Amino acid sequence: MNRRPLIHGQSLSALSGWCGARGEPAFRAGQIWQWLYQRRAACASAMTNLPASLRAALDAEFEFQAVTLAGAEEAGARKLLLRLRDASCVETVLIPARDHLTVCVSSQVGCAFACAFCASGQAGFDRNLEAGEMVGQVLAAASAAGASPGNVVFMGMGEPLDNYDAVLAAIRILNDKDGLRIGARRITVSTCGLAPAIRRLADEGMQIELSVSLHAADDALRSRLMPVNRRFPLADLMDACAGYIRKTDRIITFEYTLIQGVNDGADQARALARLIGPLKCRVNLIPLSAVEEFEGQSSTEPRTRDFARLLDRERINVTVRQSKGAGVRAACGQLRKRHLSAGRPAAGV
């Protein structure tokens with residue numbers, strides 16, 4: 001099915017070219033941009049300082065609505081189920097803090113990497129999202145929260161670096177100083193460990209944050225939990241991370257989900273410290289969110305504290321993430337899964 005391109009997937013330079021091709025002065029693109037991201041116009045007819053002919057052309061050639069609300073759940077964090085133009089659904093999470101709002105964005109419909117404890121991966125992969133669909137998620141979240149987001153994290157459904165070009169296009173739109181103005185250092189991209197893409201990202205000259213899902217410090221266990229490790233084992237991944245740090249002078253965050261009796265022992269904490277100790281990094285320990293297809297359980301609080309204490313003794317910067325979504329079974333992909341299973345919008349709409 002042929003669809004009009006999404007207006008929120010267009011860069012400012014692309015809009016400038018579009019205006020120029022219609023004989024419009026260069027400043028018109030800037031006006032459109034301000035209407036989209038500062039005044040949050042939902043359609044071209046709202047852009048009252050544009051000529052009527054230009055507004056009509058915008059409405060005729062671009063689609064303004066990338067997503068619509070299909071469901072919501074809330075327990076500390078608010079999770080939105082958003083329907084795309086092809087009727088696919090993705091999840092976007094609003095994470096409130098005392099002084100800012102973080103929006104967690106999906107980059108794919110489903111995921112191809114099948115990490116053992118990830119509901120998104122269990123559902124399989126459908127397609128990549130367009131840049132405009134990712135920007136649309138941020139705008140929908142801002143509208144739902146009644147506030148502009150201070151941080152954006154690409155940690156929702158999908159593997160962001162597997163949709164590299166569209167994710168970077170979305171980041172540049174979100175970061176634009178005349179648009180949503182979300183600082184590069186307040187934008188985080190998470191990856192399950194695509195080493196070649198990490199090397200490519202290091203050459204982009206962007207000051208974004210990089211988060212790498214690790215979850216094990218040896219290849220045998222990591223390959224069992226994360227099949228991607230069979231393609232890019234730890235030696236390759238650590239080499240890519242070291243290169244990223246060297247080129248960008250940025251700290252990498254390693255995400256480590258603690259699974260009781262699987263990866264939360266003292267020997268594994270010491271192995272993790274040896275693996276990442278030479279790098280400029282931090283570790284974020286994460287309680288496991290229950291997923292039906294995975295039998296593992298979250299580590300106990302005492303065991304989590306012991307693991308963190310061992311890392312701290314090895315001079316590893318470590319924090320323990322406090323889960324805000326467990327009360328609504330809000331592990332990534334679960335709201336979408338329940339929606340698909342029920343064949344109807346999720347509760348809370």
# chains A, B, ... in the order shown; residues from 1 in each chain; ligands from 1
$ select_by_dssp --residues "stretch 115-339 of chain A" --states "alpha helix (DSSP H)" --output "PyMOL selection string"
chain A and resi 119-122+131-145+164-175+195-202+219-225+234-248+266-276+301-313+334-339
$ residues_around --residues "A:Gly277" --least-positions-apart "3" --cutoff "9 Å" --atoms "only C-alpha atoms" --output "list in words"
Leu272, Ala273, Arg274, Lys280, Cys281, Glu314, Arg315 and Ile316 of chain A
$ closest_atom_pairs --of "stretch 132-187 of chain A" --to "stretch 84-101 of chain A" --cutoff "12 Å" --atoms "only C-alpha atoms" --output "tab-separated table"
residue	atom	partner	partner_atom	distance
A:Gly132	CA	A:Leu84	CA	10.7
A:Glu133	CA	A:Leu84	CA	7.6
A:Met134	CA	A:Thr92	CA	9.5
A:Val135	CA	A:Thr92	CA	11.2
A:Gly136	CA	A:Leu84	CA	9.7
A:Gln137	CA	A:Thr92	CA	6.5
A:Val138	CA	A:Thr92	CA	8.1
A:Leu139	CA	A:Thr92	CA	10.7
A:Ala140	CA	A:Thr92	CA	8.9
A:Ala141	CA	A:Leu94	CA	6.5
A:Ala142	CA	A:Leu94	CA	8.6
A:Ser143	CA	A:Leu94	CA	10.9
A:Ala144	CA	A:Leu94	CA	8.8
A:Ala145	CA	A:Leu94	CA	7.6
A:Gly146	CA	A:Leu101	CA	10.2
A:Ala147	CA	A:Leu101	CA	7.6
A:Ser148	CA	A:Leu101	CA	7.2
A:Pro149	CA	A:Leu101	CA	4.8
A:Gly150	CA	A:Leu101	CA	5.4
A:Asn151	CA	A:Leu101	CA	6.4
A:Val152	CA	A:Leu101	CA	8.6
A:Val153	CA	A:Val93	CA	9.7
A:Phe154	CA	A:Thr92	CA	9.8
A:Met155	CA	A:Thr92	CA	9.4
A:Gly156	CA	A:Thr92	CA	6.7
A:Met157	CA	A:Glu91	CA	6.8
A:Gly158	CA	A:Val90	CA	9.5
A:Ile182	CA	A:Leu101	CA	11.4
A:Arg186	CA	A:His100	CA	10.9
$ write_last_selection --atoms "C-alpha atoms" --output "compact mmCIF listing (two decimals), in the first residue's frame"
# COMPACT_ATOMS: atom_id res chain seq x y z
CA GLY A 132 8.85 9.52 11.81
CA GLU A 133 7.28 6.68 13.79
CA MET A 134 9.95 7.01 16.46
CA VAL A 135 9.62 10.79 16.63
CA GLY A 136 5.86 10.27 16.69
CA GLN A 137 6.21 8.13 19.81
CA VAL A 138 8.01 10.94 21.63
CA LEU A 139 5.34 13.45 20.61
CA ALA A 140 2.55 11.08 21.68
CA ALA A 141 4.25 10.55 25.04
CA ALA A 142 4.67 14.30 25.54
CA SER A 143 1.00 14.82 24.74
CA ALA A 144 -0.06 12.07 27.17
CA ALA A 145 2.14 13.48 29.93
CA GLY A 146 1.36 17.13 29.26
CA ALA A 147 5.08 17.85 29.45
CA SER A 148 8.12 17.97 27.20
CA PRO A 149 10.52 15.04 27.65
CA GLY A 150 13.92 15.78 29.16
CA ASN A 151 15.40 12.41 28.17
CA VAL A 152 14.79 9.88 25.41
CA VAL A 153 16.05 6.30 25.63
CA PHE A 154 15.92 3.87 22.71
CA MET A 155 15.35 0.90 25.00
CA GLY A 156 11.86 -0.20 23.98
CA MET A 157 10.92 -2.93 21.55
CA GLY A 158 13.55 -3.87 19.00
CA ILE A 182 16.62 17.23 23.51
CA ARG A 186 20.12 13.10 27.22
$ closest_residue --among "A:His8, A:Arg3, A:Arg181, A:Lys247" --to "A:Ile198" --atoms "only C-alpha atoms"
A:Lys247
$ closest_atom_pairs --of "stretch 108-174 of chain A" --to "stretch 222-232 of chain A" --cutoff "9 Å" --atoms "only C-alpha atoms" --output "Markdown table"
| residue | atom | partner | partner_atom | distance |
| --- | --- | --- | --- | --- |
| A:Phe113 | CA | A:Val228 | CA | 6.3 |
| A:Ala114 | CA | A:Pro227 | CA | 6.9 |
| A:Cys115 | CA | A:Met226 | CA | 4.6 |
| A:Ala116 | CA | A:Leu225 | CA | 5.1 |
| A:Phe117 | CA | A:Leu225 | CA | 7.6 |
$ atom_distance --atom1 "atom CA of A:Thr253" --atom2 "atom CA of A:Leu210"
6.5 Å
$ closest_atom_pairs --of "stretch 167-227 of chain A" --to "stretch 259-265 of chain A" --cutoff "10 Å" --atoms "only C-alpha atoms" --output "JSON lines"
{"residue": "A:His215", "atom": "CA", "partner": "A:Asn263", "partner_atom": "CA", "distance": 7.4}
{"residue": "A:Ala216", "atom": "CA", "partner": "A:Asn263", "partner_atom": "CA", "distance": 6.3}
{"residue": "A:Ala217", "atom": "CA", "partner": "A:Asn263", "partner_atom": "CA", "distance": 8.5}
{"residue": "A:Asp218", "atom": "CA", "partner": "A:Asn263", "partner_atom": "CA", "distance": 9.9}
{"residue": "A:Leu221", "atom": "CA", "partner": "A:Asn263", "partner_atom": "CA", "distance": 8.1}
{"residue": "A:Arg222", "atom": "CA", "partner": "A:Asn263", "partner_atom": "CA", "distance": 9.4}
{"residue": "A:Leu225", "atom": "CA", "partner": "A:Val262", "partner_atom": "CA", "distance": 9.8}
$ residues_around --residues "A:Glu292" --least-positions-apart "6" --cutoff "10 Å" --atoms "only C-alpha atoms" --output "MDAnalysis selection string"
chainID A and resid 117:119 122 334
$ atom_distance --atom1 "atom CA of A:Phe125" --atom2 "atom CA of A:Asp219"
24.5 Å
$ closest_residue --among "A:Leu237, A:Arg321, A:Arg270, A:Arg246" --to "A:Leu258" --atoms "only C-alpha atoms"
A:Arg321
$ atom_distance --atom1 "atom CA of A:Gly121" --atom2 "atom CA of A:Ile208"
25.0 Å
$ residues_around --residues "A:Ala46" --least-positions-apart "2" --cutoff "12 Å" --atoms "only C-alpha atoms" --output "list of chain:residue names"
A:Gln31, A:Ile32, A:Gln34, A:Trp35, A:Leu36, A:Arg39, A:Arg40, A:Ala41, A:Ala42, A:Cys43, A:Ala44, A:Thr48, A:Asn49, A:Leu50, A:Pro51, A:Ala52, A:Leu54, A:Arg55, A:Ala56, A:Leu58, A:Asp59, A:Phe64
$ select_by_dssp --residues "stretch 205-320 of chain A" --states "strand (DSSP E)" --output "list in words"
Glu209, Leu210, Ser211, Val212, Ser213, Ile252, Thr253, Phe254, Glu255, Tyr256, Thr257, Leu258, Cys281, Arg282, Val283, Asn284, Leu285, Ile286, Pro287, Asn317, Val318, Thr319 and Val320 of chain A
$ write_last_selection --atoms "N, CA and C atoms" --output "compact mmCIF listing (two decimals), in the first residue's frame"
# COMPACT_ATOMS: atom_id res chain seq x y z
N GLU A 209 24.47 8.91 24.60
CA GLU A 209 24.87 7.87 25.53
C GLU A 209 24.68 6.50 24.87
N LEU A 210 25.59 5.58 25.16
CA LEU A 210 25.49 4.21 24.64
C LEU A 210 25.34 3.25 25.81
N SER A 211 24.36 2.38 25.71
CA SER A 211 24.10 1.37 26.73
C SER A 211 24.19 -0.01 26.07
N VAL A 212 24.97 -0.90 26.64
CA VAL A 212 25.20 -2.23 26.07
C VAL A 212 24.64 -3.28 27.02
N SER A 213 23.73 -4.10 26.55
CA SER A 213 23.17 -5.19 27.34
C SER A 213 24.19 -6.33 27.40
N ILE A 252 30.48 4.22 28.65
CA ILE A 252 29.48 3.23 28.25
C ILE A 252 28.81 2.67 29.51
N THR A 253 27.50 2.49 29.45
CA THR A 253 26.78 1.80 30.52
C THR A 253 26.53 0.36 30.10
N PHE A 254 26.95 -0.56 30.94
CA PHE A 254 26.67 -1.97 30.70
C PHE A 254 25.46 -2.37 31.54
N GLU A 255 24.42 -2.86 30.87
CA GLU A 255 23.21 -3.33 31.55
C GLU A 255 23.40 -4.81 31.90
N TYR A 256 23.07 -5.14 33.15
CA TYR A 256 23.26 -6.52 33.62
C TYR A 256 22.03 -6.92 34.42
N THR A 257 21.20 -7.78 33.82
CA THR A 257 19.99 -8.26 34.48
C THR A 257 20.36 -9.44 35.38
N LEU A 258 20.03 -9.32 36.65
CA LEU A 258 20.40 -10.35 37.63
C LEU A 258 19.33 -11.44 37.69
N CYS A 281 33.56 2.99 32.11
CA CYS A 281 32.20 2.48 32.03
C CYS A 281 31.53 2.51 33.40
N ARG A 282 30.27 2.18 33.39
CA ARG A 282 29.49 1.94 34.61
C ARG A 282 28.62 0.71 34.38
N VAL A 283 28.13 0.14 35.47
CA VAL A 283 27.25 -1.03 35.38
C VAL A 283 25.91 -0.67 36.00
N ASN A 284 24.84 -1.03 35.31
CA ASN A 284 23.49 -0.85 35.81
C ASN A 284 22.91 -2.24 36.06
N LEU A 285 22.74 -2.60 37.33
CA LEU A 285 22.15 -3.89 37.68
C LEU A 285 20.63 -3.77 37.64
N ILE A 286 19.98 -4.74 36.99
CA ILE A 286 18.55 -4.64 36.72
C ILE A 286 17.83 -5.85 37.30
N PRO A 287 16.76 -5.63 38.06
CA PRO A 287 15.94 -6.78 38.49
C PRO A 287 15.27 -7.41 37.27
N ASN A 317 32.01 1.39 38.84
CA ASN A 317 30.88 2.28 39.13
C ASN A 317 29.60 1.49 38.90
N VAL A 318 28.81 1.27 39.95
CA VAL A 318 27.64 0.39 39.85
C VAL A 318 26.43 1.04 40.48
N THR A 319 25.28 0.88 39.84
CA THR A 319 24.00 1.31 40.37
C THR A 319 23.02 0.15 40.22
N VAL A 320 21.96 0.18 41.01
CA VAL A 320 20.90 -0.81 40.92
C VAL A 320 19.63 -0.11 40.47
$ closest_residue --among "A:Ser299, A:Leu174, A:Leu168, A:Leu310" --to "A:Trp33" --atoms "only C-alpha atoms"
A:Leu174
$ residues_around --residues "A:Gly205" --least-positions-apart "2" --cutoff "12 Å" --atoms "only C-alpha atoms" --output "JSON, numbers by chain"
{"A": [168, 172, 184, 199, 200, 201, 202, 203, 207, 208, 209, 244, 245, 247, 248, 249, 250]}
$ write_last_selection --atoms "C-alpha atoms" --output "mmCIF file, in the first residue's frame"
data_model
loop_
_atom_site.group_PDB
_atom_site.id
_atom_site.type_symbol
_atom_site.label_atom_id
_atom_site.label_comp_id
_atom_site.auth_asym_id
_atom_site.auth_seq_id
_atom_site.Cartn_x
_atom_site.Cartn_y
_atom_site.Cartn_z
ATOM 1 C CA LEU A 168 20.008 8.140 13.775
ATOM 2 C CA ARG A 172 18.930 14.177 14.775
ATOM 3 C CA ALA A 184 22.491 14.630 22.730
ATOM 4 C CA ARG A 199 32.153 0.827 15.619
ATOM 5 C CA ARG A 200 30.110 2.713 13.025
ATOM 6 C CA LEU A 201 28.383 4.761 15.727
ATOM 7 C CA ALA A 202 31.753 5.779 17.142
ATOM 8 C CA ASP A 203 32.510 7.613 13.893
ATOM 9 C CA GLN A 207 27.602 12.877 22.030
ATOM 10 C CA ILE A 208 24.749 10.464 22.764
ATOM 11 C CA GLU A 209 24.874 7.866 25.534
ATOM 12 C CA TYR A 244 33.862 3.639 20.995
ATOM 13 C CA ILE A 245 35.176 5.020 24.280
ATOM 14 C CA LYS A 247 36.914 7.851 19.813
ATOM 15 C CA THR A 248 34.070 9.552 21.686
ATOM 16 C CA ASP A 249 35.520 9.938 25.191
ATOM 17 C CA ARG A 250 32.095 8.850 26.469
#
